[in-house]
Structures are given as structure tokens and as C-alpha cells.
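Structure file input-v9.tsv; described as TSV, C-alpha atoms.
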chain	number	residue	atom	x	y	z
V	1	MET	CA	-72.57	230.78	-95.18
V	2	GLN	CA	-75.81	229.34	-93.85
V	3	ARG	CA	-74.88	225.91	-95.24
V	4	ALA	CA	-71.46	226.07	-93.61
V	5	ARG	CA	-73.08	226.96	-90.29
V	6	LEU	CA	-75.54	224.10	-90.60
V	7	LYS	CA	-72.69	221.72	-91.48
V	8	ASN	CA	-70.76	222.76	-88.35
V	9	LEU	CA	-73.87	222.45	-86.25
V	10	SER	CA	-74.57	218.91	-87.48
V	11	ALA	CA	-70.94	217.95	-86.86
V	12	ALA	CA	-71.27	219.29	-83.32
V	13	ILE	CA	-74.48	217.33	-82.79
V	14	LYS	CA	-72.74	214.16	-84.05
V	15	LEU	CA	-69.97	214.62	-81.49
V	16	PHE	CA	-72.45	215.12	-78.66
V	17	PRO	CA	-75.47	213.07	-79.68
V	18	LYS	CA	-77.09	213.16	-76.26
V	19	THR	CA	-76.82	216.89	-75.77
V	20	SER	CA	-79.03	219.46	-77.38
V	21	ILE	CA	-77.33	222.39	-79.04
V	22	TYR	CA	-78.87	224.79	-76.52
V	23	LYS	CA	-77.38	222.95	-73.59
V	24	LEU	CA	-74.04	223.05	-75.36
V	25	LEU	CA	-74.20	226.82	-75.71
V	26	ALA	CA	-75.19	227.25	-72.07
V	27	GLN	CA	-72.33	225.05	-70.96
V	28	ALA	CA	-69.87	226.97	-73.10
V	29	LYS	CA	-70.86	230.12	-71.27
V	30	MET	CA	-70.62	228.55	-67.84
V	31	ASN	CA	-66.97	227.59	-68.19
V	32	THR	CA	-64.16	227.68	-65.71
V	33	ASN	CA	-63.79	231.42	-66.19
V	34	ASP	CA	-66.81	231.90	-63.95
V	35	GLU	CA	-65.12	229.91	-61.23
V	36	LEU	CA	-61.96	231.95	-61.68
V	37	LYS	CA	-63.75	235.28	-61.58
V	38	GLU	CA	-61.70	236.52	-58.65
V	39	MET	CA	-58.47	234.85	-59.72
V	40	PRO	CA	-56.86	237.08	-62.33
V	41	GLN	CA	-53.54	235.26	-62.54
V	42	LEU	CA	-55.19	231.92	-63.26
V	43	GLN	CA	-57.49	233.55	-65.80
V	44	LYS	CA	-54.48	235.04	-67.53
V	45	LEU	CA	-52.67	231.72	-67.79
V	46	GLN	CA	-55.62	229.55	-68.71
V	47	GLY	CA	-55.18	227.57	-71.91
V	48	GLN	CA	-51.41	227.72	-71.79
V	49	SER	CA	-49.27	224.72	-70.98
V	50	PRO	CA	-45.50	224.64	-70.70
V	51	PHE	CA	-45.27	220.94	-71.54
V	52	LYS	CA	-44.33	220.08	-75.10
V	53	ALA	CA	-43.96	216.63	-76.59
V	54	PRO	CA	-40.94	215.96	-78.81
V	55	GLU	CA	-41.52	216.47	-82.51
V	56	GLY	CA	-43.13	213.47	-84.20
V	57	TYR	CA	-43.86	211.84	-80.86
V	58	PHE	CA	-47.57	211.36	-81.31
V	59	GLU	CA	-47.17	209.92	-84.81
V	60	GLN	CA	-44.83	207.23	-83.57
V	61	LEU	CA	-46.84	206.64	-80.36
V	62	SER	CA	-49.57	204.72	-82.16
V	63	SER	CA	-47.08	202.40	-83.87
V	64	SER	CA	-45.19	201.85	-80.58
V	65	ILE	CA	-48.41	200.77	-78.92
V	66	GLN	CA	-49.37	198.51	-81.81
V	67	ASP	CA	-45.89	196.93	-81.75
V	68	ARG	CA	-46.26	196.16	-78.08
V	69	ILE	CA	-49.70	194.65	-78.63
V	70	ALA	CA	-48.38	192.59	-81.53
V	71	SER	CA	-45.43	191.28	-79.53
V	72	LYS	CA	-47.85	190.39	-76.69
V	73	ASN	CA	-45.48	192.12	-74.35
V	74	ASN	CA	-48.23	194.17	-72.90
V	75	THR	CA	-46.35	195.94	-70.19
V	76	LYS	CA	-42.84	197.25	-70.30
V	77	ALA	CA	-40.41	194.69	-68.94
V	78	ILE	CA	-40.27	194.94	-65.23
V	79	LYS	CA	-36.70	195.15	-64.18
V	80	VAL	CA	-36.10	191.89	-62.35
V	81	PHE	CA	-33.15	193.24	-60.61
V	82	GLN	CA	-33.89	196.54	-59.02
V	83	PRO	CA	-31.51	198.50	-56.82
V	84	GLN	CA	-33.71	198.27	-53.76
V	85	TRP	CA	-33.65	194.45	-53.99
V	86	LEU	CA	-29.85	194.57	-53.98
V	87	ILE	CA	-29.91	196.67	-50.85
V	88	ALA	CA	-32.37	194.23	-49.24
V	89	PHE	CA	-30.22	191.20	-50.18
V	90	VAL	CA	-27.05	192.81	-48.88
V	91	PHE	CA	-28.79	193.70	-45.64
V	92	LEU	CA	-30.15	190.17	-45.17
V	93	GLY	CA	-26.78	188.73	-46.09
V	94	MET	CA	-25.12	190.84	-43.42
V	95	ILE	CA	-27.61	189.71	-40.79
V	96	ALA	CA	-27.22	186.05	-41.81
V	97	SER	CA	-23.41	186.33	-41.79
V	98	GLY	CA	-23.49	187.97	-38.39
V	99	ILE	CA	-25.65	185.20	-36.94
V	100	TYR	CA	-23.46	182.48	-38.51
V	101	LEU	CA	-20.19	184.02	-37.33
V	102	ARG	CA	-21.50	184.52	-33.83
V	103	TYR	CA	-22.79	180.94	-33.68
V	104	SER	CA	-19.60	179.37	-35.09
V	105	ALA	CA	-17.45	181.56	-32.82
V	106	ASN	CA	-19.38	180.29	-29.81
V	107	GLU	CA	-18.91	176.70	-30.96
V	108	ASN	CA	-15.16	177.20	-31.52
V	109	THR	CA	-14.83	178.84	-28.17
V	110	GLN	CA	-16.61	175.92	-26.51
V	111	GLN	CA	-14.42	173.36	-28.28
V	112	GLN	CA	-11.27	175.25	-27.37
V	113	GLU	CA	-12.34	175.47	-23.77
V	114	MET	CA	-13.11	171.76	-23.69
V	115	ALA	CA	-9.72	170.91	-25.17
V	116	ASN	CA	-8.06	172.94	-22.41
V	117	VAL	CA	-9.81	171.05	-19.61
V	118	THR	CA	-7.34	168.79	-17.71
V	119	ALA	CA	-7.93	165.69	-15.58
V	120	ASP	CA	-7.20	167.74	-12.44
V	121	ASP	CA	-9.94	170.20	-13.46
V	122	ILE	CA	-12.38	167.34	-13.74
V	123	ILE	CA	-11.37	165.91	-10.36
V	124	GLU	CA	-11.58	169.34	-8.69
V	125	SER	CA	-14.97	169.94	-10.16
V	126	GLY	CA	-16.30	166.78	-8.54
V	127	TYR	CA	-18.16	166.18	-11.74
V	128	TYR	CA	-16.58	162.74	-12.18
V	129	THR	CA	-18.30	161.50	-9.03
V	130	GLU	CA	-21.62	162.13	-10.68
V	131	ILE	CA	-20.74	160.27	-13.82
V	132	ASP	CA	-22.69	157.10	-14.29
V	133	GLU	CA	-20.29	154.12	-14.23
V	134	ALA	CA	-22.31	152.38	-16.89
V	135	LEU	CA	-21.70	155.39	-19.17
V	136	LEU	CA	-18.00	155.16	-18.47
V	137	ALA	CA	-18.03	151.47	-19.22
V	138	ASP	CA	-19.79	152.11	-22.50
V	139	ALA	CA	-17.30	154.78	-23.35
V	140	ILE	CA	-14.38	152.38	-23.04
V	141	PRO	CA	-13.83	150.70	-26.41
V	142	ALA	CA	-14.39	146.97	-26.08
V	143	SER	CA	-12.08	144.76	-28.13
V	144	GLN	CA	-11.83	140.98	-27.75
V	145	GLU	CA	-8.05	140.96	-28.00
V	146	GLU	CA	-7.77	143.65	-25.37
V	147	VAL	CA	-10.06	141.70	-23.08
V	148	GLN	CA	-7.99	138.54	-23.57
V	149	ASP	CA	-4.73	140.44	-23.02
V	150	SER	CA	-6.03	142.10	-19.91
V	151	THR	CA	-7.31	138.73	-18.53
V	152	ALA	CA	-3.88	137.17	-18.97
V	153	GLU	CA	-2.25	140.11	-17.25
V	154	MET	CA	-4.70	139.93	-14.39
V	155	GLU	CA	-4.05	136.23	-13.85
V	156	GLU	CA	-0.32	136.80	-13.78
V	157	TYR	CA	-0.69	139.66	-11.35
V	158	ILE	CA	-2.88	137.60	-9.01
V	159	LEU	CA	-0.53	134.57	-9.10
V	160	ASN	CA	2.50	136.75	-8.42
V	161	ASN	CA	0.95	138.85	-5.71
V	162	THR	CA	-1.42	136.56	-3.83
V	163	ASP	CA	-0.67	133.56	-1.58
V	164	GLU	CA	-2.38	130.24	-2.10
V	165	THR	CA	-4.53	130.40	1.02
V	166	THR	CA	-6.14	133.73	0.01
V	167	LEU	CA	-6.67	132.43	-3.47
V	168	ILE	CA	-8.40	129.22	-2.34
V	169	ASN	CA	-10.61	131.09	0.17
V	170	SER	CA	-11.78	133.54	-2.48
V	171	LEU	CA	-12.95	130.84	-4.90
F	1	MET	CA	-58.49	213.52	-85.17
F	2	SER	CA	-60.95	210.63	-85.39
F	3	GLU	CA	-64.38	211.57	-86.72
F	4	PHE	CA	-66.00	208.61	-85.07
F	5	SER	CA	-67.93	208.82	-81.84
F	6	ASP	CA	-66.99	206.61	-78.93
F	7	SER	CA	-69.96	204.32	-79.51
F	8	GLU	CA	-69.03	203.93	-83.18
F	9	LEU	CA	-65.47	203.08	-82.26
F	10	LEU	CA	-66.69	200.52	-79.75
F	11	GLU	CA	-69.00	198.98	-82.29
F	12	ARG	CA	-66.20	198.63	-84.83
F	13	PHE	CA	-63.87	197.20	-82.21
F	14	ARG	CA	-66.40	194.59	-81.14
F	15	ASP	CA	-67.57	193.66	-84.61
F	16	PRO	CA	-67.25	189.87	-84.63
F	17	GLU	CA	-67.45	189.55	-88.39
F	18	GLY	CA	-65.06	192.25	-89.48
F	19	ASN	CA	-61.32	192.44	-88.88
F	20	ASN	CA	-61.67	195.96	-87.58
F	21	LYS	CA	-60.25	195.53	-84.12
F	22	HIS	CA	-56.79	197.00	-84.76
F	23	TYR	CA	-58.13	199.67	-87.08
F	24	ALA	CA	-60.77	200.76	-84.55
F	25	PHE	CA	-58.23	200.75	-81.78
F	26	ASN	CA	-55.86	202.87	-83.86
F	27	LEU	CA	-58.62	205.40	-84.35
F	28	LEU	CA	-59.28	205.41	-80.62
F	29	VAL	CA	-55.58	206.00	-79.89
F	30	GLU	CA	-55.47	208.85	-82.41
F	31	LYS	CA	-58.54	210.39	-80.81
F	32	TYR	CA	-57.25	210.33	-77.22
F	33	ARG	CA	-53.46	210.16	-77.40
F	34	LYS	CA	-52.81	213.86	-76.85
F	35	LYS	CA	-55.36	214.27	-74.07
F	36	VAL	CA	-54.08	211.19	-72.25
F	37	TYR	CA	-50.44	212.15	-72.72
F	38	TYR	CA	-50.82	215.70	-71.43
F	39	HIS	CA	-53.04	214.62	-68.55
F	40	ILE	CA	-50.28	212.22	-67.48
F	41	ARG	CA	-47.44	214.63	-68.27
F	42	ARG	CA	-48.89	217.32	-66.02
F	43	ILE	CA	-48.78	214.86	-63.13
F	44	VAL	CA	-45.43	213.16	-63.67
F	45	ILE	CA	-43.66	216.10	-65.39
F	46	ASP	CA	-40.98	214.01	-67.12
F	47	HIS	CA	-41.59	213.12	-70.81
F	48	GLU	CA	-40.05	209.62	-70.60
F	49	ASP	CA	-42.23	208.70	-67.64
F	50	ALA	CA	-45.27	210.17	-69.34
F	51	ASP	CA	-44.49	208.17	-72.49
F	52	ASP	CA	-44.26	204.90	-70.51
F	53	LEU	CA	-47.48	205.56	-68.66
F	54	THR	CA	-49.33	206.66	-71.79
F	55	GLN	CA	-48.37	203.46	-73.56
F	56	ASN	CA	-49.31	201.38	-70.52
F	57	THR	CA	-52.67	203.14	-70.41
F	58	PHE	CA	-53.50	202.29	-74.00
F	59	ILE	CA	-52.27	198.72	-73.59
F	60	LYS	CA	-54.70	198.35	-70.68
F	61	VAL	CA	-57.44	199.87	-72.81
F	62	TRP	CA	-56.71	197.30	-75.53
F	63	ASN	CA	-56.74	194.44	-73.03
F	64	ASN	CA	-60.00	195.48	-71.36
F	65	LEU	CA	-62.01	197.17	-74.09
F	66	GLU	CA	-63.82	193.98	-75.01
F	67	GLY	CA	-65.24	193.74	-71.49
F	68	PHE	CA	-66.00	197.45	-71.13
F	69	ARG	CA	-69.47	197.57	-69.57
F	70	GLU	CA	-70.38	201.09	-70.71
F	71	ASP	CA	-71.57	202.07	-67.25
F	72	SER	CA	-69.44	205.16	-67.76
F	73	GLN	CA	-68.41	207.05	-70.87
F	74	LEU	CA	-65.52	205.60	-72.82
F	75	PHE	CA	-63.31	208.65	-72.48
F	76	THR	CA	-63.85	208.91	-68.68
F	77	TRP	CA	-62.96	205.22	-68.46
F	78	ILE	CA	-59.73	205.87	-70.39
F	79	TYR	CA	-58.95	208.87	-68.20
F	80	ARG	CA	-59.58	206.74	-65.14
F	81	ILE	CA	-57.02	204.18	-66.31
F	82	ALA	CA	-54.52	206.96	-67.03
F	83	THR	CA	-55.12	208.52	-63.60
F	84	ASN	CA	-54.61	205.20	-61.85
F	85	GLU	CA	-51.40	204.66	-63.80
F	86	CYS	CA	-50.14	208.03	-62.51
F	87	LEU	CA	-51.14	207.32	-58.91
F	88	GLY	CA	-49.52	203.88	-59.07
F	89	PHE	CA	-46.35	205.39	-60.52
F	90	LEU	CA	-46.10	208.04	-57.78
F	91	LYS	CA	-46.78	205.43	-55.08
F	92	GLN	CA	-44.00	203.25	-56.49
F	93	LYS	CA	-41.66	206.24	-56.46
F	94	LYS	CA	-42.36	206.84	-52.78
F	95	ARG	CA	-41.75	203.18	-51.93
F	96	ARG	CA	-38.66	202.71	-54.07
F	97	PHE	CA	-36.19	204.58	-51.89
F	98	PHE	CA	-38.43	205.06	-48.88
F	99	LEU	CA	-39.09	208.63	-50.01
F	100	PRO	CA	-41.56	210.62	-47.98
F	101	ILE	CA	-44.20	212.45	-49.98
F	102	GLY	CA	-42.36	215.78	-49.76
F	103	ASP	CA	-39.30	214.30	-51.44
F	104	VAL	CA	-41.31	213.04	-54.41
F	105	GLU	CA	-42.66	216.55	-54.91
F	106	LYS	CA	-39.14	217.94	-54.67
F	107	GLU	CA	-38.00	215.45	-57.28
F	108	LEU	CA	-40.81	216.45	-59.64
F	109	LEU	CA	-40.04	220.11	-59.00
F	110	GLY	CA	-36.40	219.48	-59.84
F	111	LYS	CA	-37.44	217.86	-63.13
F	112	LEU	CA	-39.70	220.80	-63.87
F	113	GLU	CA	-36.86	223.27	-63.38
F	114	SER	CA	-34.21	221.29	-65.22
F	115	ASP	CA	-36.21	219.94	-68.18
F	116	THR	CA	-35.19	221.91	-71.24
F	117	SER	CA	-38.22	220.73	-73.22
F	118	ILE	CA	-40.45	222.61	-70.83
F	119	ASN	CA	-41.09	225.97	-72.35
F	120	ALA	CA	-42.25	228.15	-69.51
F	121	ASP	CA	-41.82	231.76	-68.60
F	122	LYS	CA	-41.44	232.77	-64.97
F	123	LEU	CA	-45.15	232.98	-64.25
F	124	GLU	CA	-45.98	229.66	-65.94
F	125	LEU	CA	-43.21	227.97	-63.99
F	126	LYS	CA	-44.58	229.45	-60.81
F	127	LEU	CA	-48.01	228.09	-61.73
F	128	GLN	CA	-46.59	224.58	-62.18
F	129	GLN	CA	-44.74	224.88	-58.87
F	130	ALA	CA	-47.99	225.88	-57.22
F	131	ILE	CA	-49.83	222.93	-58.75
F	132	LEU	CA	-47.07	220.56	-57.59
F	133	SER	CA	-47.52	221.78	-54.02
F	134	LEU	CA	-51.13	220.51	-54.05
F	135	PRO	CA	-51.96	217.04	-52.68
F	136	GLU	CA	-52.05	214.41	-55.44
F	137	LYS	CA	-55.78	214.07	-55.85
F	138	GLN	CA	-56.38	217.80	-55.62
F	139	ARG	CA	-53.75	218.24	-58.31
F	140	MET	CA	-55.71	215.84	-60.53
F	141	VAL	CA	-58.93	217.75	-59.92
F	142	PHE	CA	-57.27	221.06	-60.68
F	143	ASN	CA	-55.65	219.83	-63.89
F	144	LEU	CA	-58.79	218.15	-65.18
F	145	ARG	CA	-60.88	221.27	-64.62
F	146	TYR	CA	-58.37	224.00	-65.41
F	147	TYR	CA	-56.63	222.45	-68.42
F	148	ASP	CA	-59.15	219.91	-69.78
F	149	ASN	CA	-62.26	221.88	-68.83
F	150	MET	CA	-63.82	218.59	-67.77
F	151	LYS	CA	-67.35	218.67	-66.37
F	152	TYR	CA	-67.69	217.74	-62.73
F	153	GLU	CA	-70.03	214.84	-63.55
F	154	GLU	CA	-67.38	213.36	-65.85
F	155	MET	CA	-64.65	214.06	-63.30
F	156	ALA	CA	-66.71	212.14	-60.73
F	157	GLU	CA	-66.57	209.08	-63.04
F	158	VAL	CA	-62.81	209.48	-63.45
F	159	LEU	CA	-61.93	210.02	-59.81
F	160	GLY	CA	-64.77	208.21	-58.04
F	161	THR	CA	-65.61	211.26	-55.92
F	162	SER	CA	-68.91	213.14	-55.58
F	163	VAL	CA	-69.58	216.26	-57.66
F	164	GLY	CA	-69.93	218.42	-54.55
F	165	ALA	CA	-66.59	217.27	-53.15
F	166	LEU	CA	-64.92	217.92	-56.51
F	167	LYS	CA	-66.31	221.44	-56.75
F	168	ALA	CA	-65.07	222.23	-53.26
F	169	SER	CA	-61.71	220.64	-54.00
F	170	TYR	CA	-61.26	222.65	-57.18
F	171	HIS	CA	-62.23	225.92	-55.56
F	172	HIS	CA	-59.82	225.28	-52.72
F	173	ALA	CA	-57.03	224.28	-55.11
F	174	ALA	CA	-57.57	227.30	-57.35
F	175	SER	CA	-57.46	229.67	-54.34
F	176	LYS	CA	-54.21	228.14	-53.12
F	177	VAL	CA	-52.64	228.33	-56.57
F	178	GLU	CA	-53.75	231.93	-57.08
F	179	LYS	CA	-52.26	232.92	-53.72
F	180	PHE	CA	-49.01	231.16	-54.56
F	181	ILE	CA	-48.65	232.84	-57.96
F	182	SER	CA	-49.60	236.23	-56.58
F	183	GLY	CA	-46.94	235.82	-53.96
F	184	ASN	CA	-49.38	236.25	-51.05
Is it possible to give me this structure as C-alpha cells?
Amino acid sequence: MQRARLKNLSAAIKLFPKTSIYKLLAQAKMNTNDELKEMPQLQKLQGQSPFKAPEGYFEQLSSSIQDRIASKNNTKAIKVFQPQWLIAFVFLGMIASGIYLRYSANENTQQQEMANVTADDIIESGYYTEIDEALLADAIPASQEEVQDSTAEMEEYILNNTDETTLINSL
Amino acid sequence: MSEFSDSELLERFRDPEGNNKHYAFNLLVEKYRKKVYYHIRRIVIDHEDADDLTQNTFIKVWNNLEGFREDSQLFTWIYRIATNECLGFLKQKKRRFFLPIGDVEKELLGKLESDTSINADKLELKLQQAILSLPEKQRMVFNLRYYDNMKYEEMAEVLGTSVGALKASYHHAASKVEKFISGN
């Protein structure tokens, strides 16, 4: 009996090498029960826990951990595609689509409006008077044949519609 | 349960000449697996979540044990990792679907009430409901003291809070829980 007690004592000392056996006993007395002196319900339930692990769980836990270490997959695979990312993408997609549709609608509207503008509209607006003639000239496609054709036409027009005196005086 | 002390386990793990690393680590896991699991389980309630977090905790222990500076005890260091895993998990839950804190608690409460593996009578269930109503850190303090009978000095290493603050926190938590269970 004495030997058994001594064996237990030495085992206890091994577990707590820095603590003397007397301190251990004192600490055992001063446990949470003292703090719960005026809390009967908590005292009653102390030491009980409703949580139970599945049978055999702890035995397989060690091997699961070792397998993960061995496979160097140290953390469980993070799901790359998570539902909240999908929501975020859809939301951004909607915003982007909205901006694109609005922008392209504006452009289409502008083009349609421009196509509907007539020559009378331009004349009424007075805008044409502000147009730089050089710009107009640049806008007209220049082709050598056209220039030659138009020169020939001009000459014919002048000869047919102008008398000799006016022609000589203008040279 | 492992018969080796923490310092002996560390020594075996760090032995450069022997091939004891995995063996020492296995002993460490055997020594702390139940404590770590139940500490986590009491916070996250669900077994699957607790299993994930427990494994992640020990993986982090494996990855960092070599560099463990021994400025705290080994088991408080392990508990600290487990606690941070729980806090990170709960934070992620709140962010995932923009859940406010109250909704996370409701979710955990729902799991508590629906989980068939939880073997609780009415009063035990009420106790767990009371604990869930506590703020996260206060819940940790309560669980570590009430269930693990952890000393305040060790708890201070785990939670990074002063002993005085922890004592006050526990007393406050215990009073709230007692009132809740008693129906006052």
C-alpha cells in the first residue's frame, strides 16, 4: 500500500516537475468549486459535457493528421470557388453590363440622330457658316481624273457662256 | 495517454541524430488530442468543424514546433493555436454571408439543438445555450476554467490577457450563466 502510494506520488511529481507536492494539494483544494460557491446550478453540472466524439474518432485522428503531414497538404484545400465569390462576380458583371449597355445605347442614339439630320437642318442651324472652308476642301475626295473631268467641263461652260471680250479682259 | 512530459517530447522531436520526429509528434497528438478537440468543440459546437480545426491545429503545431521558443508552456502554446483557429473560423463565418454576430450565435444554437450526437438533458442544454450567449472571449475564459480547470496564469498565456482581467471575466461569465440556468 505504501509502495503504491509512493509510486503514484513519484508519477505525479514527474508530470509536474516544477511543482512541489504540497503546492499541488493546495491547488487541488482551491479549485473552481470555491469560485462557484454561490452558484449551485453550475456546481451541479460541473464535470459534465454533452459533446461526444464519434466512436473511434480519436484513434483515426492521429493517422489523419500524419497522412496530411505526409502528403504535405498541410491545410485542408481551400475551396477556390466559394459561393460568395459567385455573388460578387455576378454583381460586378451586372454593373459592367449596365455601364456597357448604357454607353452603347448612347452611341447608337447619337448615330441614329446624326443619320436623321438633313441638309435643311444644317442650313437652319447656321452651323455650316462656321465650318472652315479648308476643312470642307479636305473632306472632298481629290482624284486626278475627277479634276481633269471637271476642268474640261469648266472650259466648255466658259466658252459656251462667255463672250470673247469678257474672256480676254479677264486673262 | 503519453507518459512523457512536454520537455521530453520536445527533446525527442528535436533530436537531430534520431529519426524520432514523427514518433514524438504522434505521442504529442495522443497526449493532447482530446483536450484540444473538446476545447474546440465547445466553441464551434459542430463535430465536423471541430474535426477540421483540430487537424489544422496539430498541423500548425507540426509546422512550428521546431521553432517553438519555450517562452510559454507547450500545452498553453497548443491551446493558443487551437483558440486562434476557433476565433478565425468564427470570424470567417461572420464575413462569409455578411452575418452579424447575433446570427452566428443563432446558427451555433441551431446546431446545438439539432445535433443528435449531443447528449444533453434539459439543464445541460440550457447551460450550453447560456454559454453561447456570452461574448466569444468570455466564452473561452468560461470554458477553459469551468471545463478544463485551467489556472489563470496558464489561461493568460493562452489568451494574452492579464490574470486579474481573466478572474473578473470568469466571475462575470459564471454569474450570467447561473442566472440564465436558474431562469432569473
Closest of F:Asn56, F:Ser133, F:Asn19, F:Thr161 to Glu105 (chain F) - atom-to-atom distances counting only C-alpha atoms: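 Ranked by minimum distance to Glu105 (chain F), first place goes to F:Ser133.
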Separation of CA of Tyr37 (chain F) from CA of Phe58 (chain V), in Å and rounded to one decimal: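 Calculated distance between CA of Tyr37 (chain F) and CA of Phe58 (chain V) is 9.1 Å.
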Can you build me a table of chain F residues sitting at most 9 Å from chain V, with the closest atom pair per residue and its distance in Å to one decimal, using all atoms listed in the file, sorted by chain and residue number, as a Markdown table?
| residue | atom | partner | partner_atom | distance |
| --- | --- | --- | --- | --- |
| F:Glu3 | CA | V:Leu15 | CA | 8.2 |
| F:Phe4 | CA | V:Leu15 | CA | 8.0 |
| F:Ser5 | CA | V:Leu15 | CA | 6.2 |
| F:Asp6 | CA | V:Leu15 | CA | 8.9 |
| F:His22 | CA | V:Gln66 | CA | 8.1 |
| F:Asn26 | CA | V:Ser62 | CA | 6.8 |
| F:Val29 | CA | V:Ser62 | CA | 6.6 |
| F:Glu30 | CA | V:Ser62 | CA | 7.2 |
| F:Arg33 | CA | V:Phe58 | CA | 7.2 |
| F:Lys34 | CA | V:Phe58 | CA | 7.3 |
| F:Tyr37 | CA | V:Ala53 | CA | 8.8 |
| F:Tyr38 | CA | V:Phe51 | CA | 7.6 |
| F:Arg41 | CA | V:Phe51 | CA | 7.4 |
| F:Arg42 | CA | V:Phe51 | CA | 7.5 |
| F:Ile45 | CA | V:Phe51 | CA | 8.0 |
| F:His47 | CA | V:Ala53 | CA | 7.2 |
| F:Asp51 | CA | V:Leu61 | CA | 8.4 |
| F:Asp52 | CA | V:Lys76 | CA | 7.8 |
| F:Thr54 | CA | V:Leu61 | CA | 8.9 |
| F:Gln55 | CA | V:Ile65 | CA | 6.0 |
| F:Asn56 | CA | V:Thr75 | CA | 6.2 |
| F:Phe58 | CA | V:Ile65 | CA | 7.2 |
| F:Ile59 | CA | V:Asn74 | CA | 6.1 |
| F:Lys60 | CA | V:Asn74 | CA | 8.0 |
| F:Trp62 | CA | V:Ile69 | CA | 8.1 |
| F:Asn63 | CA | V:Asn74 | CA | 8.5 |
| F:Arg96 | CA | V:Gln84 | CA | 6.7 |
| F:Phe97 | CA | V:Gln84 | CA | 7.0 |
| F:Ser117 | CA | V:Lys52 | CA | 6.4 |
| F:Ile118 | CA | V:Phe51 | CA | 5.2 |
| F:Asn119 | CA | V:Pro50 | CA | 4.9 |
| F:Ala120 | CA | V:Pro50 | CA | 4.9 |
| F:Asp121 | CA | V:Pro50 | CA | 8.3 |
| F:Leu123 | CA | V:Leu45 | CA | 8.4 |
| F:Glu124 | CA | V:Pro50 | CA | 6.9 |
| F:Leu125 | CA | V:Pro50 | CA | 7.8 |
| F:Leu127 | CA | V:Leu42 | CA | 8.3 |
| F:Gln128 | CA | V:Pro50 | CA | 8.6 |
| F:Arg145 | CA | V:Thr32 | CA | 7.3 |
| F:Tyr146 | CA | V:Thr32 | CA | 6.9 |
| F:Tyr147 | CA | V:Gly47 | CA | 6.4 |
| F:Asp148 | CA | V:Gly47 | CA | 8.9 |
| F:Asn149 | CA | V:Thr32 | CA | 6.9 |
| F:His171 | CA | V:Glu35 | CA | 7.5 |
| F:Ala174 | CA | V:Leu36 | CA | 7.7 |
| F:Ser175 | CA | V:Met39 | CA | 7.5 |
| F:Val177 | CA | V:Leu42 | CA | 8.0 |
| F:Glu178 | CA | V:Met39 | CA | 6.1 |
| F:Lys179 | CA | V:Met39 | CA | 8.8 |
| F:Ile181 | CA | V:Gln41 | CA | 7.1 |
| F:Ser182 | CA | V:Gln41 | CA | 7.2 |
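The space separating CA of Phe25 (chain F) from CA of Phe13 (chain F) comes to 6.7 Å.
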Residues within 12 Å of Met150 (chain F), only C-alpha atoms, excluding chain neighbours under 4 positions, as a ChimeraX atom specification: /V:27-28,31-32 /F:35,39,75-76,79,140-146,154-159,163,166-167,170
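A straight line drawn from CA of Ser169 (chain F) to CA of Arg139 (chain F) is 9.4 Å long.
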